[in-house]
>>> print(open('work-v2.cif').read())   # mmCIF, C-alpha atoms
data_run
loop_
_atom_site.label_atom_id
_atom_site.label_comp_id
_atom_site.auth_asym_id
_atom_site.auth_seq_id
_atom_site.Cartn_x
_atom_site.Cartn_y
_atom_site.Cartn_z
CA MET A 1 -157.55 38.42 -57.39
CA GLY A 2 -156.42 37.33 -60.86
CA ARG A 3 -157.39 34.26 -62.83
CA TRP A 4 -154.28 32.37 -61.74
CA ALA A 5 -154.98 32.96 -58.06
CA SER A 6 -158.58 31.90 -58.52
CA GLY A 7 -157.37 28.69 -60.23
CA SER A 8 -155.13 27.93 -57.23
CA ARG A 9 -158.03 28.31 -54.84
CA GLU A 10 -160.16 25.90 -56.81
CA ARG A 11 -157.32 23.37 -57.11
CA LEU A 12 -156.71 23.56 -53.37
CA GLU A 13 -160.41 23.16 -52.60
CA SER A 14 -160.76 20.20 -54.93
CA ALA A 15 -157.62 18.50 -53.52
CA ALA A 16 -158.73 19.15 -49.94
CA LEU A 17 -162.24 17.75 -50.42
CA ASP A 18 -160.86 14.60 -52.10
CA LEU A 19 -158.54 14.05 -49.13
CA PHE A 20 -161.21 14.92 -46.54
CA VAL A 21 -163.37 12.11 -47.97
CA ASP A 22 -160.44 9.68 -48.11
CA PRO A 23 -158.31 9.26 -45.97
CA GLY A 24 -160.46 11.72 -43.90
CA TYR A 25 -160.69 15.24 -42.48
CA ASP A 26 -158.71 14.53 -39.31
CA GLU A 27 -156.06 12.55 -41.19
CA THR A 28 -155.33 15.29 -43.77
CA THR A 29 -152.67 17.97 -43.28
CA VAL A 30 -152.37 21.30 -45.09
CA ALA A 31 -149.04 20.07 -46.53
CA GLN A 32 -150.80 17.08 -48.10
CA ILE A 33 -153.52 19.30 -49.59
CA ALA A 34 -150.93 21.66 -51.10
CA ASP A 35 -148.91 18.72 -52.39
CA ARG A 36 -151.90 17.10 -54.10
CA ALA A 37 -152.82 20.45 -55.70
CA GLY A 38 -149.20 20.91 -56.89
CA LEU A 39 -148.87 24.09 -54.81
CA THR A 40 -147.09 25.18 -51.63
CA ARG A 41 -148.34 25.48 -48.04
CA SER A 42 -147.87 29.24 -48.20
CA THR A 43 -150.18 29.39 -51.24
CA PHE A 44 -152.76 27.44 -49.21
CA PHE A 45 -152.58 30.00 -46.42
CA ARG A 46 -153.01 32.87 -48.89
CA HIS A 47 -156.45 31.40 -49.68
CA PHE A 48 -157.61 29.77 -46.44
CA ALA A 49 -156.96 30.44 -42.76
CA ASP A 50 -157.07 26.70 -42.00
CA LYS A 51 -158.48 23.34 -43.10
CA ARG A 52 -161.92 24.12 -41.74
CA GLU A 53 -162.23 27.20 -43.92
CA VAL A 54 -162.03 25.01 -47.02
CA VAL A 55 -165.26 23.34 -45.85
CA PHE A 56 -167.04 26.62 -45.01
CA GLY A 57 -165.66 28.99 -47.63
CA THR A 58 -168.80 28.85 -49.78
CA GLU A 59 -171.09 29.13 -46.76
CA ASP A 60 -169.46 32.41 -45.82
CA THR A 61 -170.43 34.05 -49.09
CA LEU A 62 -173.85 32.37 -49.21
CA SER A 63 -175.43 34.63 -46.60
CA ASP A 64 -174.37 37.84 -48.41
CA LEU A 65 -175.49 36.41 -51.71
CA LEU A 66 -178.99 35.52 -50.43
CA VAL A 67 -179.42 38.86 -48.69
CA ALA A 68 -178.32 40.76 -51.82
CA ALA A 69 -180.81 38.82 -53.94
CA VAL A 70 -183.69 39.63 -51.54
CA SER A 71 -182.66 43.29 -51.32
CA GLU A 72 -182.73 43.78 -55.09
CA LEU A 73 -186.40 42.83 -55.33
CA PRO A 74 -189.33 45.24 -54.82
CA THR A 75 -190.94 45.45 -51.38
CA GLY A 76 -194.25 43.75 -50.68
CA LEU A 77 -193.56 40.31 -52.20
CA SER A 78 -194.20 37.14 -50.21
CA VAL A 79 -191.41 35.36 -48.32
CA ALA A 80 -191.71 32.43 -50.74
CA GLU A 81 -191.18 34.78 -53.70
CA TYR A 82 -188.10 36.34 -52.10
CA LEU A 83 -186.67 32.93 -51.29
CA THR A 84 -187.25 31.48 -54.74
CA ALA A 85 -185.40 34.41 -56.30
CA ALA A 86 -182.57 34.20 -53.75
CA PHE A 87 -182.09 30.45 -54.25
CA THR A 88 -182.09 30.86 -58.03
CA ARG A 89 -179.21 33.29 -57.61
CA ALA A 90 -177.44 30.94 -55.20
CA GLY A 91 -177.90 28.16 -57.76
CA GLU A 92 -176.18 30.26 -60.42
CA LEU A 93 -173.24 31.25 -58.23
CA ALA A 94 -172.53 29.13 -55.13
CA PHE A 95 -174.29 25.94 -56.29
CA ALA A 96 -173.71 25.91 -60.05
CA ASP A 97 -173.89 22.49 -61.77
CA GLU A 98 -170.09 22.19 -61.97
CA ARG A 99 -169.91 22.43 -58.19
CA HIS A 100 -172.12 19.40 -57.63
CA ARG A 101 -169.21 17.05 -56.95
CA GLN A 102 -167.65 19.36 -54.35
CA ALA A 103 -171.02 20.01 -52.72
CA SER A 104 -171.70 16.27 -52.42
CA GLN A 105 -168.25 15.65 -50.94
CA ARG A 106 -168.77 18.51 -48.52
CA ARG A 107 -172.05 17.06 -47.33
CA VAL A 108 -170.41 13.68 -46.60
CA ILE A 109 -167.54 15.35 -44.71
CA VAL A 110 -169.80 17.53 -42.53
CA ALA A 111 -172.11 14.60 -41.73
CA ARG A 112 -169.15 12.57 -40.45
CA HIS A 113 -167.80 15.19 -38.02
CA PRO A 114 -169.85 16.49 -35.09
CA GLU A 115 -167.64 19.59 -34.71
CA LEU A 116 -168.23 20.51 -38.37
CA ARG A 117 -171.97 19.91 -37.96
CA GLU A 118 -171.96 22.28 -34.96
CA ARG A 119 -170.11 24.89 -36.97
CA GLU A 120 -172.66 24.46 -39.77
CA LEU A 121 -175.59 24.94 -37.36
CA LEU A 122 -174.05 28.20 -36.15
CA LYS A 123 -173.55 29.37 -39.75
CA ARG A 124 -177.17 28.49 -40.47
CA ALA A 125 -178.30 30.59 -37.51
CA GLY A 126 -176.32 33.49 -38.98
CA ILE A 127 -178.01 33.04 -42.37
CA SER A 128 -181.43 32.93 -40.69
CA ALA A 129 -180.75 36.19 -38.82
CA ALA A 130 -179.40 37.90 -41.96
CA MET A 131 -182.45 36.87 -43.98
CA THR A 132 -184.78 38.00 -41.19
CA SER A 133 -183.24 41.50 -41.39
CA ALA A 134 -183.50 41.46 -45.18
CA PHE A 135 -187.22 40.56 -44.97
CA VAL A 136 -187.85 43.34 -42.45
CA ARG A 137 -186.24 45.83 -44.85
CA GLN A 138 -188.63 44.60 -47.57
CA GLY A 139 -191.62 45.37 -45.33
CA VAL A 140 -192.33 41.99 -43.69
CA ASP A 141 -193.41 42.41 -40.02
CA GLU A 142 -190.87 41.25 -37.41
CA LEU A 143 -192.47 37.97 -36.34
CA GLY A 144 -193.21 37.05 -39.95
CA ALA A 145 -189.62 37.90 -40.89
CA ARG A 146 -188.23 35.66 -38.13
CA LEU A 147 -190.44 32.84 -39.34
CA GLY A 148 -189.25 33.60 -42.89
CA GLY A 149 -185.60 33.33 -41.81
CA GLU A 150 -186.14 29.90 -40.23
CA PHE A 151 -188.30 28.80 -43.12
CA GLY A 152 -185.58 29.93 -45.55
CA VAL A 153 -182.81 28.02 -43.81
CA LEU A 154 -184.93 24.87 -43.71
CA ALA A 155 -185.68 25.25 -47.43
CA LEU A 156 -181.97 25.77 -48.12
CA ASP A 157 -181.03 22.62 -46.19
CA ALA A 158 -183.76 20.48 -47.73
CA ALA A 159 -182.90 21.71 -51.25
CA PHE A 160 -179.19 21.13 -50.70
CA GLU A 161 -179.88 17.59 -49.49
CA ARG A 162 -182.07 16.82 -52.48
CA TRP A 163 -179.56 18.34 -54.92
CA THR A 164 -176.67 16.29 -53.52
CA ASP A 165 -178.61 13.00 -53.27
CA GLY A 166 -176.96 11.00 -56.05
CA LYS A 167 -176.54 12.38 -59.57
CA PRO A 168 -178.01 15.82 -60.24
CA THR A 169 -181.43 15.59 -61.88
CA ALA A 170 -182.10 19.33 -61.96
CA SER A 171 -180.30 22.59 -61.12
CA PHE A 172 -180.13 23.72 -57.50
CA GLY A 173 -182.44 26.64 -58.30
CA GLU A 174 -185.10 24.38 -59.81
CA ILE A 175 -184.96 21.99 -56.87
CA ALA A 176 -185.09 24.86 -54.37
CA ALA A 177 -188.14 26.40 -56.07
CA ASP A 178 -189.88 23.04 -55.77
CA VAL A 179 -188.91 22.70 -52.08
CA VAL A 180 -190.13 26.23 -51.30
CA GLY A 181 -193.48 25.32 -52.89
CA GLN A 182 -193.79 22.12 -50.84
CA LEU A 183 -192.84 23.86 -47.61
CA THR A 184 -195.28 26.70 -48.29
CA GLU A 185 -198.03 24.11 -48.64
CA ARG A 186 -197.04 22.54 -45.27
CA ALA A 187 -196.90 25.99 -43.67
CA GLY A 188 -200.52 26.56 -44.64
CA THR A 189 -201.61 23.49 -42.65
CA LEU A 190 -199.67 24.11 -39.41
CA GLY A 191 -202.74 25.58 -37.72
CA MET B 1 -183.23 12.74 -4.70
CA GLY B 2 -184.71 13.86 -1.37
CA ARG B 3 -186.22 17.19 -0.45
CA TRP B 4 -183.04 18.43 1.14
CA ALA B 5 -180.95 17.64 -1.94
CA SER B 6 -183.53 19.30 -4.16
CA GLY B 7 -183.42 22.38 -1.92
CA SER B 8 -179.63 22.51 -2.29
CA ARG B 9 -179.90 22.47 -6.06
CA GLU B 10 -182.32 25.37 -6.05
CA ARG B 11 -180.21 27.39 -3.62
CA LEU B 12 -177.12 26.77 -5.76
CA GLU B 13 -178.97 27.75 -8.92
CA SER B 14 -180.34 30.91 -7.37
CA ALA B 15 -176.94 31.91 -5.92
CA ALA B 16 -175.19 31.18 -9.25
CA LEU B 17 -177.63 33.23 -11.33
CA ASP B 18 -177.38 36.19 -8.95
CA LEU B 19 -173.58 36.10 -9.25
CA PHE B 20 -173.62 35.52 -13.03
CA VAL B 21 -175.60 38.77 -13.40
CA ASP B 22 -173.32 40.64 -11.00
CA PRO B 23 -170.27 40.50 -10.88
CA GLY B 24 -170.63 38.34 -14.04
CA TYR B 25 -170.40 34.82 -15.46
CA ASP B 26 -166.65 34.90 -16.12
CA GLU B 27 -165.91 36.53 -12.77
CA THR B 28 -167.77 33.93 -10.70
CA THR B 29 -166.12 30.78 -9.32
CA VAL B 30 -167.82 27.60 -8.11
CA ALA B 31 -166.42 28.31 -4.63
CA GLN B 32 -168.22 31.69 -4.60
CA ILE B 33 -171.49 30.09 -5.71
CA ALA B 34 -171.28 27.43 -2.98
CA ASP B 35 -170.36 30.08 -0.41
CA ARG B 36 -173.30 32.32 -1.29
CA ALA B 37 -175.65 29.31 -1.09
CA GLY B 38 -174.17 28.34 2.30
CA LEU B 39 -173.01 25.00 0.86
CA THR B 40 -169.72 23.36 -0.12
CA ARG B 41 -167.98 23.02 -3.50
CA SER B 42 -168.47 19.26 -3.34
CA THR B 43 -172.25 19.74 -2.93
CA PHE B 44 -172.16 21.96 -6.03
CA PHE B 45 -170.45 19.21 -8.02
CA ARG B 46 -173.03 16.65 -6.85
CA HIS B 47 -175.65 18.74 -8.67
CA PHE B 48 -173.81 20.31 -11.61
CA ALA B 49 -170.83 19.24 -13.74
CA ASP B 50 -169.68 22.85 -14.06
CA LYS B 51 -170.80 26.50 -14.07
CA ARG B 52 -172.24 26.24 -17.53
CA GLU B 53 -174.59 23.45 -16.50
CA VAL B 54 -176.33 25.80 -14.07
CA VAL B 55 -177.33 27.92 -17.06
CA PHE B 56 -178.48 24.96 -19.19
CA GLY B 57 -179.91 22.58 -16.58
CA THR B 58 -183.53 23.47 -17.39
CA GLU B 59 -182.90 23.37 -21.12
CA ASP B 60 -181.72 19.79 -20.85
CA THR B 61 -185.04 18.61 -19.46
CA LEU B 62 -187.11 20.89 -21.72
CA SER B 63 -186.65 18.76 -24.84
CA ASP B 64 -187.85 15.56 -23.09
CA LEU B 65 -190.73 17.43 -21.54
CA LEU B 66 -191.96 18.84 -24.86
CA VAL B 67 -191.59 15.49 -26.64
CA ALA B 68 -193.47 13.68 -23.85
CA ALA B 69 -196.32 16.19 -24.05
CA VAL B 70 -196.64 15.75 -27.84
CA SER B 71 -196.46 11.95 -27.55
CA GLU B 72 -199.34 11.76 -25.06
CA LEU B 73 -201.78 13.38 -27.48
CA PRO B 74 -203.77 11.50 -30.14
CA THR B 75 -202.36 11.30 -33.68
CA GLY B 76 -203.74 13.52 -36.42
CA LEU B 77 -203.78 16.88 -34.62
CA SER B 78 -202.21 19.96 -36.20
CA VAL B 79 -198.65 21.05 -35.32
CA ALA B 80 -200.10 24.16 -33.65
CA GLU B 81 -202.31 21.99 -31.43
CA TYR B 82 -199.37 19.78 -30.41
CA LEU B 83 -197.23 22.82 -29.66
CA THR B 84 -199.85 24.62 -27.61
CA ALA B 85 -200.30 21.52 -25.42
CA ALA B 86 -196.52 21.03 -25.10
CA PHE B 87 -195.89 24.66 -24.13
CA THR B 88 -198.72 24.55 -21.57
CA ARG B 89 -196.93 21.60 -19.94
CA ALA B 90 -193.57 23.42 -20.11
CA GLY B 91 -195.26 26.41 -18.49
CA GLU B 92 -196.42 24.26 -15.59
CA LEU B 93 -193.04 22.59 -15.04
CA ALA B 94 -189.93 24.28 -16.47
CA PHE B 95 -191.38 27.82 -16.71
CA ALA B 96 -193.70 28.04 -13.72
CA ASP B 97 -194.47 31.56 -12.41
CA GLU B 98 -192.04 31.19 -9.48
CA ARG B 99 -189.22 30.61 -11.97
CA HIS B 100 -189.72 33.95 -13.69
CA ARG B 101 -186.88 35.68 -11.88
CA GLN B 102 -184.38 32.92 -12.69
CA ALA B 103 -185.56 32.76 -16.31
CA SER B 104 -185.11 36.53 -16.71
CA GLN B 105 -181.63 36.40 -15.19
CA ARG B 106 -180.72 33.48 -17.42
CA ARG B 107 -181.79 35.43 -20.50
CA VAL B 108 -179.55 38.38 -19.54
CA ILE B 109 -176.58 36.09 -18.90
CA VAL B 110 -176.89 34.17 -22.17
CA ALA B 111 -177.33 37.39 -24.17
CA ARG B 112 -174.07 38.76 -22.77
CA HIS B 113 -171.87 35.76 -23.63
CA PRO B 114 -171.33 34.62 -27.23
CA GLU B 115 -170.15 31.17 -26.12
CA LEU B 116 -173.37 30.65 -24.11
CA ARG B 117 -175.43 31.89 -27.06
CA GLU B 118 -173.67 29.32 -29.29
CA ARG B 119 -174.38 26.58 -26.78
CA GLU B 120 -178.03 27.68 -26.70
CA LEU B 121 -178.31 27.56 -30.49
CA LEU B 122 -176.98 23.98 -30.47
CA LYS B 123 -179.48 23.02 -27.74
CA ARG B 124 -182.26 24.59 -29.79
CA ALA B 125 -181.23 22.51 -32.81
CA GLY B 126 -181.49 19.42 -30.60
CA ILE B 127 -185.00 20.44 -29.48
CA SER B 128 -186.04 21.04 -33.09
CA ALA B 129 -184.80 17.57 -34.14
CA ALA B 130 -186.51 15.89 -31.15
CA MET B 131 -189.82 17.62 -31.90
CA THR B 132 -189.54 16.71 -35.59
CA SER B 133 -189.29 13.03 -34.61
CA ALA B 134 -192.22 13.41 -32.21
CA PHE B 135 -194.37 14.96 -34.96
CA VAL B 136 -193.47 12.14 -37.38
CA ARG B 137 -194.58 9.59 -34.77
CA GLN B 138 -197.92 11.43 -34.55
CA GLY B 139 -198.42 11.05 -38.29
CA VAL B 140 -197.09 14.36 -39.67
CA ASP B 141 -195.21 13.85 -42.99
CA GLU B 142 -191.43 14.32 -42.85
CA LEU B 143 -191.12 17.75 -44.48
CA GLY B 144 -194.07 19.06 -42.47
CA ALA B 145 -192.52 17.67 -39.29
CA ARG B 146 -189.19 19.38 -40.00
CA LEU B 147 -191.03 22.65 -40.55
CA GLY B 148 -192.95 21.96 -37.32
CA GLY B 149 -189.70 21.49 -35.40
CA GLU B 150 -188.28 24.82 -36.59
CA PHE B 151 -191.62 26.52 -36.09
CA GLY B 152 -191.79 25.12 -32.56
CA VAL B 153 -188.33 26.35 -31.58
CA LEU B 154 -189.10 29.81 -32.94
CA ALA B 155 -192.37 29.87 -30.98
CA LEU B 156 -190.51 28.74 -27.85
CA ASP B 157 -187.91 31.50 -28.24
CA ALA B 158 -190.45 34.21 -28.99
CA ALA B 159 -192.67 33.14 -26.07
CA PHE B 160 -189.69 32.99 -23.70
CA GLU B 161 -188.64 36.50 -24.76
CA ARG B 162 -192.12 37.87 -24.24
CA TRP B 163 -192.51 36.12 -20.87
CA THR B 164 -189.20 37.50 -19.57
CA ASP B 165 -189.71 41.06 -20.89
CA GLY B 166 -190.26 42.92 -17.64
CA LYS B 167 -192.79 41.80 -15.04
CA PRO B 168 -194.89 38.74 -15.90
CA THR B 169 -198.30 39.72 -17.23
CA ALA B 170 -199.48 36.17 -17.96
CA SER B 171 -198.25 32.59 -17.51
CA PHE B 172 -195.72 31.16 -19.95
CA GLY B 173 -198.37 28.77 -21.30
CA GLU B 174 -200.83 31.59 -22.03
CA ILE B 175 -198.15 33.68 -23.75
CA ALA B 176 -196.94 30.68 -25.77
CA ALA B 177 -200.48 29.86 -26.95
CA ASP B 178 -200.81 33.44 -28.16
CA VAL B 179 -197.43 33.32 -29.93
CA VAL B 180 -198.29 30.01 -31.64
CA GLY B 181 -201.50 31.63 -32.90
CA GLN B 182 -199.66 34.66 -34.27
CA LEU B 183 -196.99 32.53 -35.93
CA THR B 184 -199.62 30.23 -37.47
CA GLU B 185 -201.23 33.31 -39.02
CA ARG B 186 -197.84 34.38 -40.47
CA ALA B 187 -197.19 30.86 -41.74
CA GLY B 188 -200.43 31.03 -43.74
CA THR B 189 -199.14 34.08 -45.64
CA LEU B 190 -195.61 32.88 -46.51
CA GLY B 191 -196.66 31.87 -50.03
#
>>> encode(input="work-v2.cif", output="structure tokens")
Amino acid sequence: MGRWASGSRERLESAALDLFVDPGYDETTVAQIADRAGLTRSTFFRHFADKREVVFGTEDTLSDLLVAAVSELPTGLSVAEYLTAAFTRAGELAFADERHRQASQRRVIVARHPELRERELLKRAGISAAMTSAFVRQGVDELGARLGGEFGVLALDAAFERWTDGKPTASFGEIAADVVGQLTERAGTLG
Amino acid sequence: MGRWASGSRERLESAALDLFVDPGYDETTVAQIADRAGLTRSTFFRHFADKREVVFGTEDTLSDLLVAAVSELPTGLSVAEYLTAAFTRAGELAFADERHRQASQRRVIVARHPELRERELLKRAGISAAMTSAFVRQGVDELGARLGGEFGVLALDAAFERWTDGKPTASFGEIAADVVGQLTERAGTLG
């Protein structure tokens, strides 16, 4: 996909998120999104299957991105070490500073719509399962890897919430590293 | 609800689960379930809103049961202590030995149907959120309580899987206590 096509996708995403916040997700049509982006409906459908995919487009690549980051590291590290590296990578790509506005809008939109929250929970379960498999491949035992997958998704959620609470005070990767540290501390006192 | 009504519910549940395994969930009608139980369709609908509710009836009470068990304990215990007590109670009520056959059938049915698996994931998210709130009320800090909720749902799943793997070798409560211990060990080595 060329630079022009990539620009269209970003313009469509930005227009859609603005409209999903106001007047609202249910009130916005694909025609209105295309119009606001200065593009056509058919261009919209070259980039997204439907409205909902604008909200979950980044999520779909997130799982692959996190798994790839874990897989590149040597075996035998701790789950916290794998996660910190994976979230740093996610911070550079999916959650770069210039995506803060979109990420904050997205959070508001998902929070307002139960059906989007359900979809997000299912995506999160997919990320947890994918990370569990990645941990097993790095030598973590199965039960520990399942715990690592759940732990990772919780860290991702908590870091995303902190990152999108008001103006950004640090990069996503820095915030996520801090959250992983705090959660690791809590994990040590569960027993 | 009297003894007779309660007997009807159990007969309907047992008939439904048998049919959901063979010929299958999609192939089974409410009329067939009622017929196999020797009852009428209208009796079925006095107990269940639809077919799917037969599969998730126990799950709906599970969350309340676990929260009640945590809430009865003194504040200041560890998450593992709360969970072990809650799962012991669940083992006595929702997962008593005589429910092993139904629980095993239920597991097979859910595993075969993506839409039931999705529904189960959403129920699990509800249980996690309810346990998080229960832990906060017992004095666990918010991040630790969120971790406790996810940890608890993973322990519940892993214990349920182990309990329904073949013939029962121990009670649900005993298996769950063992799983909580193993997961606590793994949690201590995440960092």
>>> closest_residue(input="work-v2.cif", among="A:Ile127, A:Leu122, A:Leu83, A:Ala94", to="A:Val180", atoms="all atoms listed in the file")
A:Leu83
>>> resolve_selection(input="work-v2.cif", expression="the PyMOL selection byres ((chain B) within 12 of (chain A))", output="mmCIF file with C-alpha atoms, keeping the file's coordinate frame")
data_model
loop_
_atom_site.group_PDB
_atom_site.id
_atom_site.type_symbol
_atom_site.label_atom_id
_atom_site.label_comp_id
_atom_site.auth_asym_id
_atom_site.auth_seq_id
_atom_site.Cartn_x
_atom_site.Cartn_y
_atom_site.Cartn_z
ATOM 1 C CA GLY B 76 -203.740 13.520 -36.420
ATOM 2 C CA LEU B 77 -203.780 16.880 -34.620
ATOM 3 C CA SER B 78 -202.210 19.960 -36.200
ATOM 4 C CA VAL B 79 -198.650 21.050 -35.320
ATOM 5 C CA ALA B 80 -200.100 24.160 -33.650
ATOM 6 C CA GLU B 81 -202.310 21.990 -31.430
ATOM 7 C CA TYR B 82 -199.370 19.780 -30.410
ATOM 8 C CA LEU B 83 -197.230 22.820 -29.660
ATOM 9 C CA THR B 84 -199.850 24.620 -27.610
ATOM 10 C CA PRO B 114 -171.330 34.620 -27.230
ATOM 11 C CA GLU B 115 -170.150 31.170 -26.120
ATOM 12 C CA ARG B 117 -175.430 31.890 -27.060
ATOM 13 C CA GLU B 118 -173.670 29.320 -29.290
ATOM 14 C CA ARG B 119 -174.380 26.580 -26.780
ATOM 15 C CA GLU B 120 -178.030 27.680 -26.700
ATOM 16 C CA LEU B 121 -178.310 27.560 -30.490
ATOM 17 C CA LEU B 122 -176.980 23.980 -30.470
ATOM 18 C CA LYS B 123 -179.480 23.020 -27.740
ATOM 19 C CA ARG B 124 -182.260 24.590 -29.790
ATOM 20 C CA ALA B 125 -181.230 22.510 -32.810
ATOM 21 C CA GLY B 126 -181.490 19.420 -30.600
ATOM 22 C CA SER B 128 -186.040 21.040 -33.090
ATOM 23 C CA PHE B 135 -194.370 14.960 -34.960
ATOM 24 C CA VAL B 140 -197.090 14.360 -39.670
ATOM 25 C CA ASP B 141 -195.210 13.850 -42.990
ATOM 26 C CA GLU B 142 -191.430 14.320 -42.850
ATOM 27 C CA LEU B 143 -191.120 17.750 -44.480
ATOM 28 C CA GLY B 144 -194.070 19.060 -42.470
ATOM 29 C CA ALA B 145 -192.520 17.670 -39.290
ATOM 30 C CA ARG B 146 -189.190 19.380 -40.000
ATOM 31 C CA LEU B 147 -191.030 22.650 -40.550
ATOM 32 C CA GLY B 148 -192.950 21.960 -37.320
ATOM 33 C CA GLY B 149 -189.700 21.490 -35.400
ATOM 34 C CA GLU B 150 -188.280 24.820 -36.590
ATOM 35 C CA PHE B 151 -191.620 26.520 -36.090
ATOM 36 C CA GLY B 152 -191.790 25.120 -32.560
ATOM 37 C CA VAL B 153 -188.330 26.350 -31.580
ATOM 38 C CA LEU B 154 -189.100 29.810 -32.940
ATOM 39 C CA ALA B 155 -192.370 29.870 -30.980
ATOM 40 C CA ASP B 157 -187.910 31.500 -28.240
ATOM 41 C CA ALA B 158 -190.450 34.210 -28.990
ATOM 42 C CA ALA B 159 -192.670 33.140 -26.070
ATOM 43 C CA ALA B 177 -200.480 29.860 -26.950
ATOM 44 C CA VAL B 179 -197.430 33.320 -29.930
ATOM 45 C CA VAL B 180 -198.290 30.010 -31.640
ATOM 46 C CA GLY B 181 -201.500 31.630 -32.900
ATOM 47 C CA GLN B 182 -199.660 34.660 -34.270
ATOM 48 C CA LEU B 183 -196.990 32.530 -35.930
ATOM 49 C CA THR B 184 -199.620 30.230 -37.470
ATOM 50 C CA GLU B 185 -201.230 33.310 -39.020
ATOM 51 C CA ARG B 186 -197.840 34.380 -40.470
ATOM 52 C CA ALA B 187 -197.190 30.860 -41.740
ATOM 53 C CA GLY B 188 -200.430 31.030 -43.740
ATOM 54 C CA THR B 189 -199.140 34.080 -45.640
ATOM 55 C CA LEU B 190 -195.610 32.880 -46.510
ATOM 56 C CA GLY B 191 -196.660 31.870 -50.030
#
>>> resolve_selection(input="work-v2.cif", expression="the PyMOL selection byres ((chain B and resi 101-104) around 10)", output="ChimeraX atom specification")
/B:13-14,16-18,55,58,94-100,105-109,160-161,163-168
>>> atom_distance(input="work-v2.cif", atom1="atom CA of A:Thr75", atom2="atom CA of A:Val136")
9.7 Å
>>> residues_around(input="work-v2.cif", residues="A:Lys51", least_positions_apart="6", cutoff="10 Å", atoms="only C-alpha atoms", output="ChimeraX atom specification")
/A:13,16-17,20,25-26,28-30,33,44-45
>>> resolve_selection(input="work-v2.cif", expression="the PyMOL selection byres ((chain A and resi 63) around 8)", output="PyMOL selection string")
chain A and resi 59-62+64-67+126-127+130-131
>>> write_last_selection(input="work-v2.cif", atoms="C-alpha atoms", output="tab-separated table (two decimals), in the coordinates of the input")
chain	number	residue	atom	x	y	z
A	59	GLU	CA	-171.09	29.13	-46.76
A	60	ASP	CA	-169.46	32.41	-45.82
A	61	THR	CA	-170.43	34.05	-49.09
A	62	LEU	CA	-173.85	32.37	-49.21
A	64	ASP	CA	-174.37	37.84	-48.41
A	65	LEU	CA	-175.49	36.41	-51.71
A	66	LEU	CA	-178.99	35.52	-50.43
A	67	VAL	CA	-179.42	38.86	-48.69
A	126	GLY	CA	-176.32	33.49	-38.98
A	127	ILE	CA	-178.01	33.04	-42.37
A	130	ALA	CA	-179.40	37.90	-41.96
A	131	MET	CA	-182.45	36.87	-43.98
>>> atom_distance(input="work-v2.cif", atom1="atom CA of B:Leu12", atom2="atom CA of B:Ala37")
5.5 Å
>>> atom_distance(input="work-v2.cif", atom1="atom CA of B:Gly57", atom2="atom CA of B:Val110")
13.2 Å
>>> closest_residue(input="work-v2.cif", among="B:Phe56, B:Phe48, B:Phe172, B:Phe87", to="B:Val70", atoms="all atoms listed in the file")
B:Phe87
>>> axis_aligned_box(input="work-v2.cif", around="stretch 183-188 of chain A", padding_each_side="4 Å", output="JSON")
{"center_x": -196.7, "center_y": 24.6, "center_z": -46.2, "size_x": 15.7, "size_y": 12.2, "size_z": 13.0}
>>> closest_residue(input="work-v2.cif", among="A:Arg137, A:Arg41, A:Arg9, A:Arg36", to="A:Val54", atoms="all atoms listed in the file")
A:Arg9
>>> decode(input="work-v2.cif", residues="stretch 39-48 of chain A", atoms="N, CA and C atoms", output="mmCIF file, in the first residue's frame")
data_model
loop_
_atom_site.group_PDB
_atom_site.id
_atom_site.type_symbol
_atom_site.label_atom_id
_atom_site.label_comp_id
_atom_site.auth_asym_id
_atom_site.auth_seq_id
_atom_site.Cartn_x
_atom_site.Cartn_y
_atom_site.Cartn_z
ATOM 1 N N LEU A 39 -13.181 12.089 1.074
ATOM 2 C CA LEU A 39 -12.982 10.891 0.248
ATOM 3 C C LEU A 39 -14.342 10.261 -0.060
ATOM 4 N N THR A 40 -14.328 9.170 -0.817
ATOM 5 C CA THR A 40 -15.601 8.544 -1.195
ATOM 6 C C THR A 40 -15.892 7.316 -0.320
ATOM 7 N N ARG A 41 -17.146 6.874 -0.331
ATOM 8 C CA ARG A 41 -17.538 5.665 0.392
ATOM 9 C C ARG A 41 -16.724 4.462 -0.077
ATOM 10 N N SER A 42 -16.487 4.403 -1.401
ATOM 11 C CA SER A 42 -15.765 3.219 -1.895
ATOM 12 C C SER A 42 -14.319 3.212 -1.390
ATOM 13 N N THR A 43 -13.733 4.405 -1.193
ATOM 14 C CA THR A 43 -12.392 4.449 -0.593
ATOM 15 C C THR A 43 -12.449 3.931 0.846
ATOM 16 N N PHE A 44 -13.503 4.341 1.574
ATOM 17 C CA PHE A 44 -13.680 3.829 2.944
ATOM 18 C C PHE A 44 -13.647 2.312 2.947
ATOM 19 N N PHE A 45 -14.433 1.712 2.039
ATOM 20 C CA PHE A 45 -14.550 0.249 2.049
ATOM 21 C C PHE A 45 -13.300 -0.454 1.509
ATOM 22 N N ARG A 46 -12.394 0.296 0.876
ATOM 23 C CA ARG A 46 -11.107 -0.316 0.523
ATOM 24 C C ARG A 46 -10.252 -0.483 1.777
ATOM 25 N N HIS A 47 -10.510 0.348 2.791
ATOM 26 C CA HIS A 47 -9.684 0.301 4.010
ATOM 27 C C HIS A 47 -10.321 -0.429 5.176
ATOM 28 N N PHE A 48 -11.654 -0.359 5.265
ATOM 29 C CA PHE A 48 -12.352 -0.942 6.423
ATOM 30 C C PHE A 48 -13.591 -1.699 5.957
#
